[in-house]
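Shown here: coords00.txt, compact mmCIF, C-alpha atoms and all ligand atoms.
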# COMPACT_ATOMS: atom_id res chain seq x y z
CA MET A 156 32.02 14.69 30.93
CA VAL A 157 30.80 16.43 27.77
CA VAL A 158 30.60 13.09 25.96
CA VAL A 159 28.57 11.53 28.80
CA SER A 160 26.19 14.52 28.79
CA VAL A 161 25.70 14.25 25.02
CA ILE A 162 25.01 10.52 25.27
CA LEU A 163 22.56 11.06 28.14
CA ALA A 164 20.77 13.86 26.29
CA THR A 165 20.49 11.68 23.17
CA ILE A 166 19.05 8.78 25.15
CA ILE A 167 16.52 11.06 26.87
CA LEU A 168 15.52 12.53 23.47
CA CYS A 169 15.11 9.07 21.93
CA VAL A 170 12.98 7.84 24.83
CA ALA A 171 10.88 11.03 24.73
CA ILE A 172 10.23 10.55 21.00
CA LYS A 173 9.27 6.91 21.55
CA ILE A 174 6.85 7.89 24.32
CA TYR A 175 5.37 10.61 22.07
CA LEU A 176 4.84 8.02 19.30
CA LYS A 177 3.18 5.60 21.73
CA VAL A 178 0.85 8.28 23.04
CA THR A 179 -0.13 9.75 19.66
CA THR A 180 -0.55 6.52 17.65
CA ARG A 181 -4.24 5.72 17.26
CA TRP A 182 -5.49 2.13 17.16
CA CYS A 183 -8.29 0.61 15.14
CA GLU A 184 -10.92 -0.18 17.73
CA SER A 185 -13.35 -1.95 15.42
CA ALA A 186 -14.21 -5.50 16.44
CA THR A 187 -15.56 -6.39 12.97
CA CYS A 188 -15.53 -10.13 12.41
CA LEU A 189 -14.38 -11.26 8.95
CA VAL A 190 -15.52 -14.88 9.08
CA GLY A 191 -16.81 -15.86 5.62
CA LYS A 192 -14.98 -12.93 3.97
CA ALA A 193 -11.93 -12.97 1.74
CA ALA A 194 -9.07 -10.45 1.65
CA ILE A 195 -6.02 -9.93 -0.52
CA VAL A 196 -2.97 -8.19 0.91
CA THR A 197 -0.14 -7.47 -1.52
CA GLY A 198 3.41 -7.60 -0.13
CA ALA A 199 2.13 -9.48 2.92
CA ASN A 200 5.30 -11.42 3.66
CA THR A 201 6.86 -8.61 5.70
CA GLY A 202 6.37 -5.13 7.14
CA ILE A 203 3.00 -3.40 7.28
CA GLY A 204 1.45 -5.94 4.88
CA TYR A 205 2.32 -8.74 7.27
CA GLY A 206 0.69 -6.82 10.16
CA ILE A 207 -2.49 -6.27 8.14
CA ALA A 208 -2.69 -9.90 6.95
CA LEU A 209 -2.19 -11.18 10.51
CA ASP A 210 -5.02 -8.98 11.78
CA PHE A 211 -7.40 -10.16 9.03
CA ALA A 212 -6.54 -13.79 9.81
CA LYS A 213 -7.26 -13.18 13.52
CA ARG A 214 -10.66 -11.77 12.50
CA GLY A 215 -11.42 -15.01 10.64
CA ALA A 216 -11.05 -13.93 6.99
CA LYS A 217 -9.65 -16.08 4.26
CA VAL A 218 -6.39 -14.22 3.61
CA ILE A 219 -4.59 -14.35 0.28
CA LEU A 220 -0.96 -13.33 0.61
CA ALA A 221 -0.01 -11.80 -2.74
CA CYS A 222 3.78 -11.98 -2.72
CA ARG A 223 6.56 -12.27 -5.28
CA ASN A 224 8.92 -14.66 -3.52
CA PRO A 225 7.50 -18.16 -2.83
CA ASP A 226 9.86 -18.96 0.04
CA ARG A 227 9.35 -15.69 1.90
CA ALA A 228 5.60 -15.96 1.29
CA GLU A 229 5.39 -19.52 2.64
CA GLU A 230 7.42 -18.57 5.70
CA ALA A 231 4.99 -15.70 6.38
CA ARG A 232 1.97 -17.95 5.78
CA LEU A 233 3.14 -20.45 8.40
CA LYS A 234 3.91 -17.65 10.86
CA ILE A 235 0.46 -16.08 10.38
CA ILE A 236 -1.24 -19.46 10.82
CA LYS A 237 0.71 -20.00 14.05
CA GLU A 238 0.10 -16.50 15.44
CA SER A 239 -3.57 -16.22 14.43
CA GLY A 240 -4.71 -19.78 14.95
CA SER A 241 -6.44 -19.63 11.55
CA ALA A 242 -5.40 -22.05 8.81
CA ASN A 243 -7.35 -20.13 6.16
CA VAL A 244 -4.28 -18.38 4.77
CA VAL A 245 -3.02 -19.01 1.24
CA VAL A 246 -0.30 -17.69 -1.03
CA THR A 247 -0.82 -16.59 -4.62
CA LEU A 248 2.26 -15.32 -6.37
CA LEU A 249 2.29 -11.74 -7.62
CA ASP A 250 5.22 -9.73 -8.94
CA LEU A 251 4.15 -6.15 -9.53
CA SER A 252 7.18 -5.48 -11.72
CA SER A 253 5.63 -7.69 -14.41
CA PHE A 254 2.30 -7.08 -16.15
CA GLU A 255 2.21 -10.77 -17.08
CA SER A 256 2.38 -11.68 -13.40
CA VAL A 257 -0.45 -9.24 -12.57
CA ASP A 258 -2.51 -10.77 -15.37
CA ASN A 259 -1.85 -14.32 -14.10
CA PHE A 260 -2.69 -13.29 -10.56
CA VAL A 261 -6.02 -11.75 -11.58
CA LYS A 262 -6.90 -14.84 -13.65
CA THR A 263 -6.05 -17.23 -10.81
CA VAL A 264 -7.98 -15.27 -8.21
CA THR A 265 -11.06 -14.70 -10.35
CA GLU A 266 -11.13 -18.38 -11.34
CA CYS A 267 -10.53 -19.80 -7.86
CA GLU A 268 -12.29 -17.37 -5.51
CA GLU A 269 -16.01 -16.92 -5.14
CA ARG A 270 -15.74 -13.55 -3.48
CA LEU A 271 -13.34 -10.75 -2.60
CA ASP A 272 -14.30 -8.39 0.21
CA ILE A 273 -11.06 -6.52 0.85
CA LEU A 274 -8.13 -5.63 -1.38
CA VAL A 275 -5.15 -3.96 0.28
CA ASN A 276 -2.67 -2.54 -2.21
CA ASN A 277 0.24 -2.50 0.17
CA ALA A 278 3.34 -3.68 -1.73
CA ALA A 279 5.74 -0.99 -2.89
CA MET A 280 9.42 -0.21 -3.30
CA ILE A 281 11.75 2.76 -2.84
CA GLU A 282 14.70 3.46 -5.10
CA PHE A 283 17.30 5.91 -3.91
CA ASP A 284 19.88 5.22 -6.57
CA GLY A 285 19.43 5.01 -10.29
CA CYS A 286 16.55 4.43 -12.56
CA ARG A 287 15.97 0.78 -13.34
CA LEU A 288 13.51 -0.25 -16.00
CA SER A 289 11.09 -3.17 -15.71
CA LYS A 290 11.14 -5.95 -18.27
CA ASP A 291 7.99 -4.30 -19.69
CA GLY A 292 10.12 -1.22 -20.37
CA TYR A 293 8.70 1.15 -17.74
CA VAL A 294 10.48 2.95 -14.92
CA LEU A 295 10.48 0.07 -12.41
CA ILE A 296 9.29 2.00 -9.37
CA ARG A 297 6.38 3.50 -11.33
CA GLN A 298 5.30 0.11 -12.57
CA VAL A 299 5.53 -1.56 -9.12
CA ASN A 300 4.04 1.29 -7.08
CA TYR A 301 1.42 2.59 -9.49
CA PHE A 302 0.80 1.05 -12.93
CA SER A 303 0.48 -2.50 -11.61
CA VAL A 304 -1.71 -1.31 -8.72
CA PHE A 305 -4.04 0.31 -11.26
CA LEU A 306 -4.10 -2.83 -13.40
CA LEU A 307 -4.52 -5.24 -10.50
CA THR A 308 -7.34 -3.23 -8.95
CA LEU A 309 -9.29 -2.88 -12.18
CA GLY A 310 -8.76 -6.58 -12.88
CA LEU A 311 -10.34 -7.51 -9.53
CA ILE A 312 -13.26 -5.05 -9.54
CA GLY A 313 -15.57 -7.57 -11.26
CA LEU A 314 -15.07 -10.09 -8.45
CA MET A 315 -15.51 -7.42 -5.76
CA LYS A 316 -18.75 -6.22 -7.33
CA ARG A 317 -20.37 -9.59 -6.54
CA ASN A 318 -20.61 -8.57 -2.86
CA GLU A 319 -23.03 -6.11 -1.40
CA SER A 320 -20.08 -4.13 -0.09
CA SER A 321 -16.32 -4.38 -0.38
CA ARG A 322 -13.30 -2.20 0.30
CA ILE A 323 -10.09 -1.22 -1.41
CA VAL A 324 -7.29 0.25 0.71
CA ASN A 325 -4.35 1.86 -1.07
CA LEU A 326 -1.13 2.43 0.87
CA SER A 327 0.20 5.90 0.21
CA SER A 328 2.73 7.98 2.12
CA MET A 329 3.22 11.50 3.42
CA MET A 330 5.89 11.68 0.70
CA ALA A 331 2.99 12.31 -1.71
CA LYS A 332 2.93 15.82 -0.20
CA PHE A 333 6.44 16.48 -1.43
CA ALA A 334 6.12 15.34 -5.03
CA TYR A 335 7.38 18.04 -7.36
CA ASN A 336 7.54 18.53 -11.14
CA PHE A 337 4.55 16.23 -11.49
CA GLU A 338 3.39 16.27 -15.11
CA VAL A 339 0.69 13.75 -15.94
CA ASN A 340 1.77 13.45 -19.57
CA ASP A 341 5.32 12.54 -18.50
CA LEU A 342 4.34 9.45 -16.55
CA TYR A 343 6.73 7.36 -18.62
CA LYS A 344 9.70 9.44 -17.61
CA PHE A 345 12.05 9.32 -14.70
CA SER A 346 12.30 12.54 -12.71
CA GLY A 347 14.83 12.28 -9.91
CA THR A 348 15.32 9.61 -7.32
CA LEU A 349 13.27 10.03 -4.15
CA ASN A 350 10.84 12.25 -6.06
CA ASN A 351 9.96 9.21 -8.11
CA TYR A 352 8.66 7.49 -4.94
CA SER A 353 6.73 10.65 -4.01
CA VAL A 354 5.22 10.83 -7.49
CA THR A 355 4.03 7.21 -7.32
CA LYS A 356 2.38 7.86 -3.96
CA LEU A 357 0.77 11.04 -5.30
CA CYS A 358 -0.57 8.91 -8.17
CA ILE A 359 -2.02 6.49 -5.59
CA ASN A 360 -3.92 9.33 -3.87
CA LEU A 361 -5.24 10.65 -7.20
CA PHE A 362 -6.15 7.14 -8.37
CA THR A 363 -8.11 6.62 -5.12
CA ILE A 364 -10.13 9.80 -5.67
CA GLU A 365 -11.03 8.98 -9.28
CA LEU A 366 -11.70 5.30 -8.58
CA ALA A 367 -14.09 6.23 -5.76
CA ASP A 368 -15.94 8.51 -8.15
CA ARG A 369 -16.26 5.76 -10.76
CA LEU A 370 -17.42 3.25 -8.15
CA LYS A 371 -20.13 5.51 -6.70
CA GLN A 372 -22.98 3.36 -7.94
CA THR A 373 -21.46 0.15 -6.57
CA GLY A 374 -20.97 -1.20 -3.06
CA ILE A 375 -17.21 -0.78 -3.34
CA SER A 376 -15.50 1.97 -1.38
CA VAL A 377 -11.85 2.97 -1.64
CA TYR A 378 -9.45 4.79 0.67
CA SER A 379 -5.84 5.97 0.60
CA VAL A 380 -3.76 5.71 3.76
CA ASN A 381 -0.57 7.17 5.15
CA PRO A 382 0.53 4.59 7.75
CA GLY A 383 3.06 6.96 9.37
CA ASN A 384 6.76 6.25 9.66
CA VAL A 385 7.11 2.57 10.43
CA ASP A 386 10.07 0.39 11.35
CA THR A 387 10.08 -1.91 8.31
CA ASP A 388 12.66 -3.01 5.78
CA ILE A 389 11.60 -0.31 3.31
CA LEU A 390 13.13 2.34 5.57
CA THR A 391 15.77 0.57 7.60
CA GLY A 392 16.51 -2.91 6.37
CA ARG A 393 17.02 -3.11 2.64
CA TYR A 394 20.10 -0.94 2.22
CA THR A 395 22.32 -2.13 5.05
CA SER A 396 23.53 -5.48 6.29
CA GLY A 397 25.39 -7.12 9.20
CA PRO A 398 26.23 -5.04 12.29
CA LEU A 399 25.42 -1.77 10.48
CA LYS A 400 21.88 -3.02 9.85
CA ILE A 401 21.46 -3.92 13.53
CA MET A 402 22.75 -0.47 14.58
CA VAL A 403 20.52 1.39 12.10
CA LYS A 404 17.46 -0.64 13.13
CA LEU A 405 18.15 -0.08 16.83
CA VAL A 406 18.51 3.69 16.46
CA MET A 407 15.59 4.04 14.04
CA SER A 408 13.28 1.97 16.26
CA PHE A 409 13.09 4.96 18.61
CA PHE A 410 11.80 7.22 15.85
CA LEU A 411 9.43 4.85 14.10
CA LYS A 412 6.18 3.04 14.80
CA THR A 413 6.17 -0.73 15.20
CA ILE A 414 4.70 -2.82 12.38
CA GLU A 415 1.57 -3.49 14.44
CA GLU A 416 1.10 0.25 15.01
CA GLY A 417 1.73 1.03 11.33
CA ALA A 418 -0.92 -1.49 10.26
CA GLN A 419 -3.69 0.20 12.28
CA THR A 420 -4.93 2.82 9.80
CA PRO A 421 -5.09 0.41 6.82
CA ILE A 422 -6.96 -2.06 9.06
CA TYR A 423 -9.27 0.76 10.20
CA CYS A 424 -10.16 1.60 6.58
CA ALA A 425 -10.70 -2.07 5.72
CA VAL A 426 -12.97 -3.06 8.62
CA THR A 427 -14.57 -0.04 10.31
CA LYS A 428 -18.30 0.10 9.71
CA GLY A 429 -19.97 3.29 8.50
CA ILE A 430 -17.07 5.07 6.78
CA GLU A 431 -18.34 4.46 3.22
CA MET A 432 -19.29 8.13 2.82
CA TYR A 433 -15.57 8.91 2.92
CA SER A 434 -14.80 6.80 -0.15
CA GLY A 435 -11.98 8.49 -2.07
CA GLU A 436 -10.60 10.23 1.01
CA HIS A 437 -7.22 10.05 2.69
CA PHE A 438 -6.63 8.63 6.17
CA GLU A 439 -3.93 9.00 8.81
CA GLU A 440 -4.00 7.83 12.42
CA CYS A 441 -7.37 6.10 11.96
CA ARG A 442 -9.18 9.24 10.86
CA LYS A 443 -9.93 11.12 7.68
CA VAL A 444 -7.58 14.01 6.99
CA ASP A 445 -7.61 16.83 4.44
CA ARG A 446 -6.37 16.01 0.99
CA TYR A 447 -2.76 17.09 0.45
CA SER A 448 -2.37 20.31 -1.54
CA THR A 449 -0.63 18.29 -4.29
CA VAL A 450 -3.92 16.46 -5.01
CA LYS A 451 -6.24 19.44 -4.72
CA VAL A 452 -6.24 20.36 -8.44
CA PRO A 453 -9.81 19.27 -9.27
CA GLU A 454 -9.20 17.95 -12.80
CA LEU A 455 -6.01 16.05 -11.92
CA PRO A 456 -7.50 12.68 -10.82
CA LYS A 457 -9.45 12.25 -14.06
CA LYS A 458 -6.53 13.45 -16.19
CA LEU A 459 -4.20 10.94 -14.54
CA TRP A 460 -6.78 8.16 -14.98
CA ASP A 461 -7.12 8.89 -18.71
CA VAL A 462 -3.35 8.97 -19.28
CA THR A 463 -2.87 5.76 -17.27
CA GLU A 464 -5.64 4.01 -19.20
CA ASP A 465 -3.92 5.04 -22.42
CA ILE A 466 -0.56 3.69 -21.23
CA LEU A 467 -2.11 0.40 -20.07
CA ARG A 468 -4.61 0.04 -22.92
CA LEU A 469 -3.10 -3.20 -24.22
CA GLN A 470 -2.92 -4.81 -20.78
CA LEU A 471 -6.46 -3.74 -19.92
CA GLU A 472 -7.74 -5.18 -23.19
CA ASN A 473 -5.88 -8.45 -22.58
CA MET A 474 -7.43 -8.70 -19.14
CA LYS A 475 -10.86 -7.91 -20.63
CA VAL A 476 -11.44 -5.36 -17.90
CA LYS A 477 -15.00 -4.09 -17.99
CA PHE A 478 -15.60 -1.05 -15.86
N1 LIG A 501 7.48 1.97 6.41
C1 LIG A 501 7.09 3.23 6.34
O1 LIG A 501 7.52 4.08 7.14
C2 LIG A 501 6.08 3.66 5.31
C3 LIG A 501 5.71 5.02 5.31
C4 LIG A 501 4.76 5.45 4.38
C5 LIG A 501 4.22 4.55 3.49
N2 LIG A 501 4.62 3.25 3.51
C6 LIG A 501 4.00 2.33 2.52
O2 LIG A 501 3.54 1.17 3.18
C7 LIG A 501 3.58 0.06 2.30
C8 LIG A 501 4.30 -1.11 2.94
O3 LIG A 501 5.63 -0.72 3.17
P1 LIG A 501 6.57 -1.42 4.24
O4 LIG A 501 7.17 -0.33 5.02
O5 LIG A 501 5.86 -2.49 4.95
O6 LIG A 501 7.70 -2.00 3.27
P2 LIG A 501 8.51 -3.38 3.26
O7 LIG A 501 8.69 -3.91 4.62
O8 LIG A 501 9.69 -3.11 2.41
O9 LIG A 501 7.50 -4.35 2.48
C9 LIG A 501 7.23 -4.12 1.14
C10 LIG A 501 6.51 -5.32 0.60
O10 LIG A 501 6.30 -5.08 -0.80
C11 LIG A 501 6.79 -6.21 -1.51
N3 LIG A 501 7.21 -5.87 -2.85
C12 LIG A 501 8.21 -5.04 -3.25
N4 LIG A 501 8.34 -5.07 -4.58
C13 LIG A 501 7.39 -5.94 -5.03
C14 LIG A 501 7.04 -6.42 -6.31
N5 LIG A 501 7.69 -6.06 -7.42
N6 LIG A 501 6.02 -7.30 -6.42
C15 LIG A 501 5.35 -7.72 -5.32
N7 LIG A 501 5.66 -7.32 -4.08
C16 LIG A 501 6.68 -6.44 -3.94
C17 LIG A 501 7.96 -6.72 -0.69
O11 LIG A 501 8.27 -8.05 -1.07
P3 LIG A 501 9.74 -8.66 -0.80
O12 LIG A 501 9.84 -8.93 0.67
O13 LIG A 501 9.76 -9.88 -1.64
O14 LIG A 501 10.74 -7.63 -1.25
C18 LIG A 501 7.35 -6.60 0.70
O15 LIG A 501 6.51 -7.69 0.94
C19 LIG A 501 4.24 0.57 1.01
O16 LIG A 501 3.23 0.92 0.10
C20 LIG A 501 4.97 1.82 1.48
O17 LIG A 501 5.15 2.75 0.43
C21 LIG A 501 5.54 2.78 4.39
Before we go any further, please render this structure as structure tokens.
Ligand SMILES: NC(=O)c1ccc[n+]([C@@H]2O[C@H](COP(=O)([O-])OP(=O)(O)OC[C@H]3O[C@@H](n4cnc5c(N)ncnc54)[C@H](OP(=O)(O)O)[C@@H]3O)[C@@H](O)[C@H]2O)c1
Amino acid sequence: MVVVSVILATIILCVAIKIYLKVTTRWCESATCLVGKAAIVTGANTGIGYGIALDFAKRGAKVILACRNPDRAEEARLKIIKESGSANVVVTLLDLSSFESVDNFVKTVTECEERLDILVNNAAMIEFDGCRLSKDGYVLIRQVNYFSVFLLTLGLIGLMKRNESSRIVNLSSMMAKFAYNFEVNDLYKFSGTLNNYSVTKLCINLFTIELADRLKQTGISVYSVNPGNVDTDILTGRYTSGPLKIMVKLVMSFFLKTIEEGAQTPIYCAVTKGIEMYSGEHFEECRKVDRYSTVKVPELPKKLWDVTEDILRLQLENMKVKF
């Protein structure tokens, strides 16, 4: 009897949480058409990136899926074409764990594309265990989630400046709130497992603020976004397999947004007209929210920018980035 009551109570709780999520999730209501526009979505083969890329394709944009694995990327491309009815979807390979790959990506895109209206820096990783280094010698998660995002974005600014207006959307996380022991001069170093993810997302928020400031005189606006807690592989799929994975995904699906729901705020920031005055700000649930206390130190965005530029000096010079 007790067991049945516990099971019933758990089911009721799960359903109540799911209903709460459905009621509180806000949707991007903009009907902006993207015909004639071009968008890049990094990590678009799965998860939130896939949801964003699909929406852009439905709106008529040329969508460039910037993914590291050619097979997974091609599979996603065909799925997006089928679901959206638009054939204007291409893959360009990008591995954020390699500066060479970022460099090649920027060269390919700037040579082949006439315009770039939207850049969504979506791809990221979480590491719970250990501290792997990239082949460039940096803490892997910092290179993938932050250094390469910085490099990629600066490399594409020239192309984006050709338009009257364009948008950059940087995927952050509420984990940025919980970053601790953040020391700008220690960016090279590893500082604990999950905190490393939080630190990279804090860097994304700070980067967004400083970038917006530096782009003030251009038609480019930039936003950071917390998509909420979303049922993607980053949370539920990458660390389990077989029946355990199915169980974990089933249970977690009650507590998490769907991919389509999670894609709404990034889409909102990319397509909603008239939000340019909020360039540099942070968004959740399709609305601007207060900056997290971790980013409120006024001199921090510029300090982080300067240190990052120093770390990436060689790569920036190679890419001939002019800002
Ligand atoms: N899901 C959430 O609850 C949540 C919450 C807050 C913030 N976010 C943020 O939302 C964004 C999307 O996350 P998600 O949940 O959709 O994760 P996901 O399903 O794990 O997708 C991550 C994407 O990033 C790609 N990626 C990983 N490492 C890469 C690399 N070195 N080079 C290029 N691409 C790489 C993955 O490619 P492969 O498929 O090849 O691995 C995949 O396409 C991330 O920035 C994440 O931090 C997610």
Can I get the residues of chain A within 7 Å of ligand LIG 501 (chain A), each with the closest pair of atoms and their distance in Å to one decimal, using only C-alpha atoms and all ligand atoms, sorted chain first then ascending number, as a tab-separated table?
residue	atom	partner	partner_atom	distance
A:Thr197	CA	A:LIG501	N7	6.3
A:Gly198	CA	A:LIG501	O15	3.3
A:Ala199	CA	A:LIG501	O15	5.1
A:Asn200	CA	A:LIG501	O15	4.8
A:Thr201	CA	A:LIG501	O15	4.9
A:Gly202	CA	A:LIG501	O5	3.5
A:Ile203	CA	A:LIG501	O5	3.8
A:Gly204	CA	A:LIG501	O5	5.6
A:Cys222	CA	A:LIG501	N7	5.2
A:Arg223	CA	A:LIG501	C15	4.7
A:Asn224	CA	A:LIG501	O13	5.2
A:Arg227	CA	A:LIG501	O13	6.8
A:Leu249	CA	A:LIG501	C15	5.6
A:Asp250	CA	A:LIG501	N6	3.6
A:Leu251	CA	A:LIG501	N6	3.8
A:Ser252	CA	A:LIG501	N5	4.4
A:Asn277	CA	A:LIG501	O16	4.5
A:Ala278	CA	A:LIG501	O10	3.4
A:Ala279	CA	A:LIG501	O16	4.3
A:Met280	CA	A:LIG501	C12	5.0
A:Val299	CA	A:LIG501	N5	5.3
A:Leu326	CA	A:LIG501	O16	4.7
A:Ser327	CA	A:LIG501	C5	5.4
A:Ser328	CA	A:LIG501	C4	4.0
A:Met329	CA	A:LIG501	C4	6.3
A:Asn381	CA	A:LIG501	C4	5.7
A:Pro382	CA	A:LIG501	C4	5.5
A:Gly383	CA	A:LIG501	C3	5.2
A:Asn384	CA	A:LIG501	O1	3.4
A:Val385	CA	A:LIG501	O1	3.6
A:Asp386	CA	A:LIG501	N1	5.8
A:Thr387	CA	A:LIG501	O7	4.4
A:Asp388	CA	A:LIG501	O7	4.2
A:Ile389	CA	A:LIG501	O8	3.5
A:Leu390	CA	A:LIG501	N1	5.7
Report as a list in words all protein, DNA and RNA residues lying within 12 Å of Thr165 (chain A), evaluated on all atoms listed in the file, omitting residues in the same chain fewer than 6 positions from it.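 Once the adjacent positions are removed, what remains is Val158, Val159, Ala171, Ile172, Val406 and Phe409 of chain A.
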Which residues of region 177-255 of chain A have any atom within 6 Å of an atom in region 410-430 of chain A when counting all atoms listed in the file, and what is the closest pair of atoms for each, with the distance in Å to one decimal? Order the rows by chain and rising number and write it as a Markdown table.
| residue | atom | partner | partner_atom | distance |
| --- | --- | --- | --- | --- |
| A:Trp182 | CA | A:Gln419 | CA | 5.5 |
| A:Cys183 | CA | A:Tyr423 | CA | 5.0 |
| A:Ser185 | CA | A:Thr427 | CA | 5.6 |
| A:Gly202 | CA | A:Ile414 | CA | 6.0 |
| A:Ile203 | CA | A:Ala418 | CA | 5.3 |
| A:Gly206 | CA | A:Glu415 | CA | 5.5 |
| A:Ile207 | CA | A:Ala418 | CA | 5.5 |
Prev. selection, C-alpha atoms, output as a PDB file, in the coordinates of the input:
ATOM      1  CA  TRP A 182      -5.490   2.130  17.160  1.00  0.00           C
ATOM      2  CA  CYS A 183      -8.290   0.610  15.140  1.00  0.00           C
ATOM      3  CA  SER A 185     -13.350  -1.950  15.420  1.00  0.00           C
ATOM      4  CA  GLY A 202       6.370  -5.130   7.140  1.00  0.00           C
ATOM      5  CA  ILE A 203       3.000  -3.400   7.280  1.00  0.00           C
ATOM      6  CA  GLY A 206       0.690  -6.820  10.160  1.00  0.00           C
ATOM      7  CA  ILE A 207      -2.490  -6.270   8.140  1.00  0.00           C
TER       8      ILE A 207
END
For a quick check of your reading of the model, name the residues lying within 12 Å of the coordinate (12.9, -10.6, -18.9), counting all atoms listed in the file, and write them as a list of chain:residue names.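 Those within range, by chain then number, are A:Ser252, A:Ser253, A:Phe254, A:Glu255, A:Ser256, A:Leu288, A:Ser289, A:Lys290, A:Asp291, A:Gly292.
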Please produce a file of those selected residues containing C-alpha atoms, as a PDB file, in the coordinates of the input.
ATOM      1  CA  SER A 252       7.180  -5.480 -11.720  1.00  0.00           C
ATOM      2  CA  SER A 253       5.630  -7.690 -14.410  1.00  0.00           C
ATOM      3  CA  PHE A 254       2.300  -7.080 -16.150  1.00  0.00           C
ATOM      4  CA  GLU A 255       2.210 -10.770 -17.080  1.00  0.00           C
ATOM      5  CA  SER A 256       2.380 -11.680 -13.400  1.00  0.00           C
ATOM      6  CA  LEU A 288      13.510  -0.250 -16.000  1.00  0.00           C
ATOM      7  CA  SER A 289      11.090  -3.170 -15.710  1.00  0.00           C
ATOM      8  CA  LYS A 290      11.140  -5.950 -18.270  1.00  0.00           C
ATOM      9  CA  ASP A 291       7.990  -4.300 -19.690  1.00  0.00           C
ATOM     10  CA  GLY A 292      10.120  -1.220 -20.370  1.00  0.00           C
TER      11      GLY A 292
END
I want to know what sits within 12 Å of Cys188 (chain A), based on all atoms listed in the file, with residues of the same chain fewer than 2 positions away left out; could you give that as a ChimeraX atom specification? /A:185-186,190-193,210-217,425-428
Please provide as a PyMOL selection string all residues within 9 Å of Lys404 (chain A), with the sequence filter that same-chain residues fewer than 3 positions apart are discarded (counting only C-alpha atoms). chain A and resi 386-387+391-392+399-401+407-409
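Rounded to one decimal, CA of Val444 (chain A) and CA of Asn336 (chain A) lie 24.0 Å from each other.
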Restricting the calculation to all atoms listed in the file, which member of A:Asp465, A:Glu440, A:Glu338, A:Asp272 is positioned closest to Val377 (chain A)? A:Asp272
Would you compute, for all listed atoms of region 204-211 of chain A, the axis-aligned bounding box grown by 8 Å on each side, and then report its centre and edge lengths in Å rounded to one decimal, as lines of an AutoDock Vina configuration file?
center_x = -2.5
center_y = -8.6
center_z = 8.3
size_x = 25.7
size_y = 21.2
size_z = 22.9
Within 12 Å of Arg369 (chain A), counting all atoms listed in the file, which residues qualify if same-chain residues fewer than 6 places away don't, as a PDB file with C-alpha atoms, in the frame of the given file?
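Written file, part-v1.pdb:
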ATOM      1  CA  LEU A 309      -9.290  -2.880 -12.180  1.00  0.00           C
ATOM      2  CA  ILE A 312     -13.260  -5.050  -9.540  1.00  0.00           C
ATOM      3  CA  PHE A 362      -6.150   7.140  -8.370  1.00  0.00           C
ATOM      4  CA  THR A 363      -8.110   6.620  -5.120  1.00  0.00           C
ATOM      5  CA  ILE A 375     -17.210  -0.780  -3.340  1.00  0.00           C
ATOM      6  CA  SER A 376     -15.500   1.970  -1.380  1.00  0.00           C
ATOM      7  CA  VAL A 377     -11.850   2.970  -1.640  1.00  0.00           C
ATOM      8  CA  SER A 434     -14.800   6.800  -0.150  1.00  0.00           C
ATOM      9  CA  GLY A 435     -11.980   8.490  -2.070  1.00  0.00           C
ATOM     10  CA  PRO A 456      -7.500  12.680 -10.820  1.00  0.00           C
ATOM     11  CA  LYS A 457      -9.450  12.250 -14.060  1.00  0.00           C
ATOM     12  CA  TRP A 460      -6.780   8.160 -14.980  1.00  0.00           C
ATOM     13  CA  PHE A 478     -15.600  -1.050 -15.860  1.00  0.00           C
TER      14      PHE A 478
END
Can region 350-356 of chain A be brought up to N, CA, C and O atoms and written out as a short mmCIF file (atom, residue, chain, number, x, y, z; two decimals), in the frame of the given file?
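As written to disk, selection.cif reads:
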data_model
loop_
_atom_site.label_atom_id
_atom_site.label_comp_id
_atom_site.auth_asym_id
_atom_site.auth_seq_id
_atom_site.Cartn_x
_atom_site.Cartn_y
_atom_site.Cartn_z
N ASN A 350 12.06 11.66 -5.52
CA ASN A 350 10.84 12.25 -6.06
C ASN A 350 10.01 11.22 -6.82
O ASN A 350 8.79 11.31 -6.87
N ASN A 351 10.68 10.25 -7.38
CA ASN A 351 9.96 9.21 -8.11
C ASN A 351 9.02 8.44 -7.17
O ASN A 351 7.90 8.11 -7.52
N TYR A 352 9.50 8.15 -5.96
CA TYR A 352 8.66 7.49 -4.94
C TYR A 352 7.47 8.40 -4.60
O TYR A 352 6.32 7.97 -4.60
N SER A 353 7.79 9.70 -4.36
CA SER A 353 6.73 10.65 -4.01
C SER A 353 5.68 10.72 -5.11
O SER A 353 4.48 10.75 -4.83
N VAL A 354 6.15 10.74 -6.36
CA VAL A 354 5.22 10.83 -7.49
C VAL A 354 4.31 9.60 -7.52
O VAL A 354 3.10 9.72 -7.73
N THR A 355 4.88 8.41 -7.28
CA THR A 355 4.03 7.21 -7.32
C THR A 355 2.98 7.26 -6.21
O THR A 355 1.84 6.84 -6.39
N LYS A 356 3.35 7.80 -5.06
CA LYS A 356 2.38 7.86 -3.96
C LYS A 356 1.33 8.95 -4.21
O LYS A 356 0.17 8.80 -3.84
#
